[in-house]
Structures are given as C-alpha cells and as structure tokens.
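Working notes for the structure below.
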Amino acid sequence: MAVALPRSIYMNNQVRFWVMVWLALLGLAGSAAAQNTAVAPIDTARRANGTRPDSLRRRFDQERLLNGLKAYTRRKTIAGKAAAALFNFTERREEQAGLDAALLDRQYDRHSYKIVRRINIRTLTAFGYSITDSTRVPRNILEKGGNMLHVKTSRARVRQVLLFRVGEELEPQDLAESERLLRQTPEMLDARVFVNERTSSADSVDVEIVTKDVFSLSGSLEVRDVGAGIIGVRDQNFLGMGHQFRNSYEYGRNQPQTWSYEGSYQVPFRHFIYGEARYLNEHQNKRGGVTLGRGFYSINTKYAGALTLNFYDVGAVLPQPDGSPQLPAPGEWPVYTPQRFNIQDAWLGRAFPLPSYDLGYENPARLILAGRIIRTGYSVRPTPEYVNSNTVMGTLGYSVRRYYKDKYLFGFGRTEDIPTGTLLSATVGYDMNERQNRHYYGARASTASYSPRGGYLYLSGEFGSYVTRPNNDWQQGLISTELLYFTRLYHAGNFQWRHFLWSRNAIGLHRRPGEQLLAINGDRGLRGFSPATNLRGTSRIVLNYETTVFTPVSFLGFRLAMLVFADAAWLNVNTPNRTLPIHEKPYTGFGVGLRFRNEYLPLRTFQILLGFYPRGLATPNGFSLYESSRSYYDFSDFSFGQPGAVIYE
C-alpha cells in the first residue's frame with residue numbers, strides 16, 4: 001500500500017533518521033506482505049530495464065525504507081556516522097557466493113590414505129574477521145574492543161578436535177568430519193578444513209585449517225516481572241582451551257523457595273574425552289553430579305563410554321489416600337514428600353563397520369553393541385515402592401549418519417550442519433531391586449531427510465517399559481514420538497523465510513504414584529506460557545508452528561528476524577486413568593515476536609515475544625510479554641548414545 005506524505009510536512013535530518021530507525025525495526029513486514037510483487041530498489045539496472053523511477057517518492061515500503069537508511073549511513077554528518085556504526089547493509093561474501101546444500105561425506109575422498117605432511121592452523125578471533133574474505137579486518141571500536149576482551153582459541157585446542165595427525169594416513173571422511181566437529185564445538189563459529197592442492201602429491205598432502213571464534217564471555221538477563229528474572233554468566237572458551245563454565249541464577253520465583261541456581265564446569269581432553277561437574281538447586285529439586293566419558297562423536301569412532309555419579313534430593317507429589325491425584329487450589333502448592341538417592345552409572349559401547357557394496361567408498365552404516373550398569377541407592381524414600389536397585393542393560397543398534405551443510409536454518413547465514421540418516425535400536429535390561437526384580441524392554445526408530453527444495457523432515461518414535469514376571473505386569477512405561485519439519489527457504493527481495501512445524505508427544509503407561517509428572521510450559525510446551533497453578537499431567541501432546549522471516553537489517557552485529565507462532569498442548573490432568581490426553585481441552589498460545597541473533601557471541605539469540613493464551617495463564621488478561629535467549633528448535637543427531645530407559649520428562 002502506497003502512502004503519500006504532504007509536502008508541508010518538514011522534518012530535519014535527525015528527526016528523519018530516528019523515524020526511519022524505528023520504522024525499520026518495527027515495520028519491516030508492512031507493505032511487502034500485502035503486495036504480490038516486491039518493489040526493487042531504484043538503480044541503474046532498473047532504469048536500463050525501462051522501469052520508471054518514483055520521482056515523487058510516493059511509495060512507502062520496506063525497500064524504500066532500507067534504501068533511505070543506506071543512503072543515510074553514507075552521510076558525513078555525526079548522525080550519519082552513528083547510523084553507519086549501528087547498521088550494516090553490506091552483503092556478506094558467503095551470501096554473494098551462495099552456499100548450496102552439500103553432502104559432506106565424499107567431498108575429500110580423492111585424498112584418502114595419503115600421508116599428512118603438515119597441518120597449518122589459522123585461528124581468527126571473534127570480531128572483524130571472515131573465513132571467506134581474507135581481507136576483512138576489524139574496522140571500528142566495537143570490533144577492536146571486543147577482540148581485546150576475547151582470548152583466541154589455541155592451536156592446541158584445534159588439534160584436539162582433529163581426527164588426523166602429522167605423519168598419519170588420512171582415513172576416509174577424516175577431513176569432512178574434522179570440519180564438522182570443529183564447527184560444532186561451542187567455542188567456534190565456523191571452520192574450513194581443506195587440502196592445499198598446489199603442494200599435494202600422489203602420496204602426501206598439506207592440510208590447511210581456518211577457524212573463527214565466537215566471543216566466549218556472555219551474560220544473560222531475562223526479566224519476567226518487576227522483581228523476577230534470570231541472570232546468567234558463562235564462558236564457553238576459558239583461556240582459549242575450550243573449558244566451559246555456566247552459571248544461572250533465578251530470582252523472584254513464585255514458589256516457597258524464591259530463588260534457584262544451576263551451574264556446571266566442563267573440561268575437554270584429547271581423543272574427545274570430557275569431564276563435567278554440575279549442580280542444581282531449586283524448590284524441591286536439588287541435584288548434582290560428575291561425569292567422565294566420550295560419545296560416538298564421529299562416524300569412524302570405535303569405542304565410547306562414560307562413568308557418572310549423580311545425587312538427588314527431590315520432592316515427590318503423592319496421591320490422596322483414596323488414590324486420586326493431588327489437585328491443590330489456585331495459588332497453593334502440593335504437599336511434597338522428600339526422597340534422596342544417588343545413582344552410579346557406567347556404560348561402554350563398540351561400533352562395527354558394515355561391508356560396503358559401493359566399490360571404492362566406505363559404508364557409513366554402523367552396527368553398535370553397548371552395555372550399561374546402573375546402581376540406585378535411596379537414603380530417604382517417599383513410599384516403599386521406591387527401592388534400591390541394580391540394573392543391567394544391553395543395546396543392539398544400527399546407525400547411518402550423513403551430514404549436509406546449508407544456511408538460514410536456525411542461524412542467520414552461517415554454515416550449519418544438518419544431520420540426516422537412520423537410527424534403529426533395541427534395548428533389553430534386568431532390574432534387580434529389593435522388592436521385585438523386573439525386566440526392561442525398549443525400542444527406538446528415527447529417520448531424517450533433507451533437500452534444498454523439499455526441506456527437512458525428522459521422525460522419531462520410542463517405547464520402553466519395565467515388566468515383572470511371572471504375572472507380566474507392565475510398569476513405568478512410556479511412548480514418545482517426535483516430528484520436526486521445516487520448509488525450503490523462500491525469497492522475496494532481501495527477505496527470506498521458512499515455516500517450522502514441530503510435534504512432541506509423551507504418553508505415560510502405568511507410571512508410579514508420585515512421580516514427576518509432565519508439564520507444558522517452557523521448552524517442552526507452549527513458549528512464553530506461565531501457568532497460574534502447578535499444571536502437570538500423566539500424558540502430553542504438543543504441537544508448535546512458526547514462520548521465521550530473516551530480514552537484511554543488522555543492528556550492532558545482531559541480525560533481525562520476525563516470527564509468528566501458534567502452539568497447542570493437550571495434557572492429561574484430571575483423569576490419570578486415561579492414557580491419551582486428547583479428550584482434554586487444549587491449552588493454546590498465539591503470538592508474534594522479534595528475534596535478534598549475533599553469530600559471534602555464545603549467547604547468540606535474544607528474542608522478545610508477545611503471546612496471547614486463552615486459558616491457564618497466570619495473568620488475568622491472557623497476554624504475556626516473554627523474553628528469552630534460548631533457541632526453541634534444534635536438530636536431533638543420529639549418533640548412538642548410552643543404553644537406557646525412555647526419559648519421562
């Protein structure tokens with residue numbers, strides 16, 4: 001829709017600048033969404049094509065708005081220089097070149113089994129440098145000042161992640177897998193691993209590695225009310241060695257314990273071994289533990305395992321004496337019965353490659369055998385049904401992993417690795433406890449595919465339950481399913497968008513009385529939803545929809561996206577004897593928001609959402625202004641994990 005402004009309206013340069021700034025931030029989706037064709041910028045190419053320029057400047061759309069801001073950043077005035085420092089409209093080198101989705105597993109196969117002669121590592125600090133543009137250097141005080149506070153990743157840390165060493169043969173996929181693993185470390189934004197073709201020979205290669213850091217220090221502030229919020233402090237690359245410590249303090253909670261704390265410290269070692277210590281303290285939920293282990297980090301990993309010790313001090317919500325569930329009145333909390341226990345956990349897995357029927361290429365499929373021992377000991381029991389136990393589990397799995405790389409999935413233009421493949425597993429176990437020994441049976445199946453035209457589709461289903469003999473009594477069962485789909489990337493001028501659909505379901509089967517029940521707030525339900533009561537149930541169905549529009553606006557290094565969402569959740573609250581919650585009235589949420597993302601920071605995402613919730617919200621009008629620094633969607637990998645029971649949470 002075109003808007004004509006009277007000639008009598010006069011604004012000086014400074015007023016016009018701030019008007020354009022606010023309109024750029026709040027009105028980017030205005031006229032383009034209502035027009036069938038986008039209005040391109042007026043330039044020499046358009047005049048050559050015969051397009052008539054808008055000499056009267058009557059069109060008022062996002063293209064004119066952006067062009068006005070671009071022109072303002074080129075002015076030599078103080079306001080113009082301030083605009084140039086705040087906004088960046090330069091098209092990125094990787095966007096100019098385009099990054100087509102590429103399958104990663106065969107791009108370096110011609111160098112397989114050659115000797116690595118030397119490894120040249122170049123690490124780039126967080127701000128002002130680019131992997132794709134070697135001429136890019138820090139240009140302003142913000143970039144230079146940020147780099148002064150940042151400790152660059154050491155070359156020793158980069159070598160820890162590589163799957164090859166000098167003097168060794170390159171195994172198939174070592175180069176592609178090393179590049180992916182470098183990109184997936186939390187302290188690195190992007191990485192490139194390639195062979196110097198000018199110096200390579202028939203039997204040896206020189207490997208070039210370029211990595212770019214994220215700014216490892218970060219803090220977060222999530223304000224929920226005048227006297228409530230969350231403060232977070234973390235460092236994802238302490239001293240440049242990849243050490244991570246995280247601290248989160250929440251205050252003003254609407255609970256008897258008005259605060260909570262969660263923290264952890266993780267140290268990486270060679271051969272992808274890591275050690276971690278963690279602690280959580282919140283109302284009726286205190287836990288801590290230490291872990292030393294490594295996973296199946298790569299396709300070619302043969303052994304994986306871990307040793308873990310955890311302790312828990314949590315409250316159980318027991319049913320009424322007649323067996324009915326506790327349903328406290330609004331504003332009241334249920335009666336918790338204390339339980340304290342510790343868990344000692346150890347597991348070991350071995351992957352076996354399968355024969356290849358594709359001559360010259362290795363089969364990416366793996367057959368995996370794993371075993372696990374879990375010991376649970378109670379010091380305080382809420383009921384006699386909570387017993388000490390020793391559990392032995394074994395899993396047979398089949399895994400195929402392939403990775404694509406593309407952009408504008410969950411990030412704002414950086415290279416992202418997309419896991420696809422198949423994972424099948426069957427688990428059997430035996431639980432020896434003080435009351436009655438039980439068998440465990442579980443199965444999982446998941447698959448995913450991706451194409452630039454069709455988008456991404458992930459499907460997963462999992463089942464697990466304990467069984468007592470000889471009466472075949474099934475206990476603590478769970479059926480869990482997940483579907484994640486997002487469309488291809490659509491384009492309209494400088495704007496790009498995707499649609500996301502996510503469904504997660506958890507159906508509890510014969511759960512024990514007083515177990516921690518399922519909730520629908522936070523990341524596992526309706527985003528921004530804060531229930532008026534302690535809303536929990538025995539089964540849950542969640543459906544989330546979102547449209548994300550990536551804009552070309554960059555503000556202080558944060559790129560802007562707009563989103564629209566609709567969420568729905570069914571929760572089995574009042575009738576625990578029923579299995580499916582679909583007979584319950586759904587809880588719903590609808591909203592819009594702005595998402596800011598800076599790929600150079602560990603705290604990459606900051607979003608402001610305005611949601612409307614017709615029922616169940618703590619505020620009476622149904623509206624909630626929600627701020628968050630956590631990404632809502634994420635990929636599920638096809639790497640094999642430790643054998644275990646299906647997680648009920």
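We label chains A, B, ... in the order they appear in the structure tokens, count residues from 1 in each chain, and number ligands from 1 in the order shown.
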* Hey, what's within 10 Å of A:Thr579 if we count only C-alpha atoms and toss same-chain stuff fewer than 6 positions away? As a PyMOL selection string, please? -> chain A and resi 507-510+538-540+572
* Test item: residues at most 7 Å from A:Ser628, only C-alpha atoms, excluding those fewer than 4 positions along its chain, as a ChimeraX atom specification -> /A:222,606-608
* Which is closer to A:Gly525 than all the others in A:Gly227, A:Gly589, A:Gly644, A:Leu478, using only C-alpha atoms? ->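 Closest to A:Gly525 of all the choices is A:Gly589.
Counting only C-alpha atoms, A:Gly252 has the following residues at most 10 Å away, ignoring those fewer than 4 positions along the same chain: Arg224, Asp225, Val226, Gly227, Ala228, Gly229, Ile230, Gln257, Thr258, Trp259 and Ser260 of chain A.
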Selection export as a PDB file, in the first residue's frame, atoms kept: N, CA, C and O atoms:
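Below is the file part-v4.pdb, written as the result:
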```pdb
ATOM      1  N   ARG A 224      11.194 -11.294  33.932  1.00  0.00           N
ATOM      2  CA  ARG A 224       9.839 -11.823  33.848  1.00  0.00           C
ATOM      3  C   ARG A 224       8.815 -10.926  34.532  1.00  0.00           C
ATOM      4  O   ARG A 224       7.639 -10.958  34.194  1.00  0.00           O
ATOM      5  N   ASP A 225       9.271 -10.172  35.518  1.00  0.00           N
ATOM      6  CA  ASP A 225       8.387  -9.266  36.243  1.00  0.00           C
ATOM      7  C   ASP A 225       9.267  -8.213  36.903  1.00  0.00           C
ATOM      8  O   ASP A 225      10.494  -8.226  36.753  1.00  0.00           O
ATOM      9  N   VAL A 226       8.635  -7.340  37.672  1.00  0.00           N
ATOM     10  CA  VAL A 226       9.396  -6.281  38.320  1.00  0.00           C
ATOM     11  C   VAL A 226      10.452  -6.872  39.250  1.00  0.00           C
ATOM     12  O   VAL A 226      11.592  -6.423  39.273  1.00  0.00           O
ATOM     13  N   GLY A 227      10.089  -7.893  39.991  1.00  0.00           N
ATOM     14  CA  GLY A 227      11.032  -8.490  40.927  1.00  0.00           C
ATOM     15  C   GLY A 227      11.378  -9.917  40.609  1.00  0.00           C
ATOM     16  O   GLY A 227      11.711 -10.688  41.525  1.00  0.00           O
ATOM     17  N   ALA A 228      11.321 -10.317  39.340  1.00  0.00           N
ATOM     18  CA  ALA A 228      11.600 -11.706  38.973  1.00  0.00           C
ATOM     19  C   ALA A 228      12.373 -11.736  37.666  1.00  0.00           C
ATOM     20  O   ALA A 228      12.149 -10.927  36.766  1.00  0.00           O
ATOM     21  N   GLY A 229      13.281 -12.669  37.573  1.00  0.00           N
ATOM     22  CA  GLY A 229      14.052 -12.817  36.345  1.00  0.00           C
ATOM     23  C   GLY A 229      15.142 -13.855  36.510  1.00  0.00           C
ATOM     24  O   GLY A 229      15.225 -14.565  37.519  1.00  0.00           O
ATOM     25  N   ILE A 230      15.996 -13.947  35.489  1.00  0.00           N
ATOM     26  CA  ILE A 230      17.092 -14.914  35.468  1.00  0.00           C
ATOM     27  C   ILE A 230      18.359 -14.181  35.048  1.00  0.00           C
ATOM     28  O   ILE A 230      18.375 -13.448  34.059  1.00  0.00           O
ATOM     29  N   GLN A 257      10.592 -21.561  47.743  1.00  0.00           N
ATOM     30  CA  GLN A 257      11.989 -21.143  47.581  1.00  0.00           C
ATOM     31  C   GLN A 257      12.033 -20.185  46.404  1.00  0.00           C
ATOM     32  O   GLN A 257      11.901 -20.594  45.256  1.00  0.00           O
ATOM     33  N   THR A 258      12.219 -18.914  46.693  1.00  0.00           N
ATOM     34  CA  THR A 258      12.050 -17.881  45.668  1.00  0.00           C
ATOM     35  C   THR A 258      13.231 -17.776  44.711  1.00  0.00           C
ATOM     36  O   THR A 258      13.197 -16.960  43.794  1.00  0.00           O
ATOM     37  N   TRP A 259      14.289 -18.569  44.893  1.00  0.00           N
ATOM     38  CA  TRP A 259      15.456 -18.492  44.023  1.00  0.00           C
ATOM     39  C   TRP A 259      15.855 -19.898  43.585  1.00  0.00           C
ATOM     40  O   TRP A 259      15.451 -20.909  44.182  1.00  0.00           O
ATOM     41  N   SER A 260      16.655 -19.951  42.541  1.00  0.00           N
ATOM     42  CA  SER A 260      17.231 -21.221  42.096  1.00  0.00           C
ATOM     43  C   SER A 260      18.587 -20.935  41.475  1.00  0.00           C
ATOM     44  O   SER A 260      18.854 -19.833  40.984  1.00  0.00           O
TER      45      SER A 260
END
```
* Write out as a list of chain:residue names the residues lying within 8 Å of stretch 609-625 of chain A, counting only C-alpha atoms and excluding same-chain residues fewer than 3 positions away. => A:Gly528, A:Phe529, A:Ser530, A:Pro531, A:Ala532, A:Thr533, A:Tyr587, A:Thr588, A:Gly589, A:Phe590, A:Gly591, A:Val592, A:Gly593, A:Leu594
* Pairwise distance for atom CA of A:Thr73 and atom CA of A:Ile131, rounded to one decimal in Å ->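 For atom CA of A:Thr73 relative to atom CA of A:Ile131, the distance reads 25.8 Å.
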* Which residues come within 7 Å of A:Phe127, counting only C-alpha atoms, excluding same-chain residues fewer than 6 positions away, as a ChimeraX atom specification? -> /A:138,143,146-147,600
Next, write the just-selected residues to a file, as an mmCIF file, in the first residue's frame, keeping N, CA and C atoms as the atom set.
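Once written, selection04.cif looks like this:
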```
data_model
loop_
_atom_site.group_PDB
_atom_site.id
_atom_site.type_symbol
_atom_site.label_atom_id
_atom_site.label_comp_id
_atom_site.auth_asym_id
_atom_site.auth_seq_id
_atom_site.Cartn_x
_atom_site.Cartn_y
_atom_site.Cartn_z
ATOM 1 N N PRO A 138 39.179 -5.960 11.591
ATOM 2 C CA PRO A 138 38.360 -5.102 12.454
ATOM 3 C C PRO A 138 38.452 -3.646 12.023
ATOM 4 N N GLU A 143 34.433 -3.635 17.337
ATOM 5 C CA GLU A 143 35.122 -4.874 16.956
ATOM 6 C C GLU A 143 36.490 -4.973 17.630
ATOM 7 N N GLY A 146 36.001 -5.538 21.431
ATOM 8 C CA GLY A 146 35.576 -6.900 21.729
ATOM 9 C C GLY A 146 36.707 -7.895 21.622
ATOM 10 N N ASN A 147 37.586 -7.717 20.635
ATOM 11 C CA ASN A 147 38.718 -8.634 20.489
ATOM 12 C C ASN A 147 39.714 -8.504 21.630
ATOM 13 N N TYR A 600 28.484 -14.198 16.433
ATOM 14 C CA TYR A 600 29.819 -14.123 17.005
ATOM 15 C C TYR A 600 29.830 -14.265 18.520
#
```
* **DSSP-assigned strand (DSSP E or B) members of stretch 287-326 of chain A, reported as a PyMOL selection string** => chain A and resi 287-294+303-317
* Structure fact -> Of A:Asp213, A:Glu332, A:Asp206, A:Asp523, the one sitting nearest A:Ile119 when using only C-alpha atoms is A:Asp206
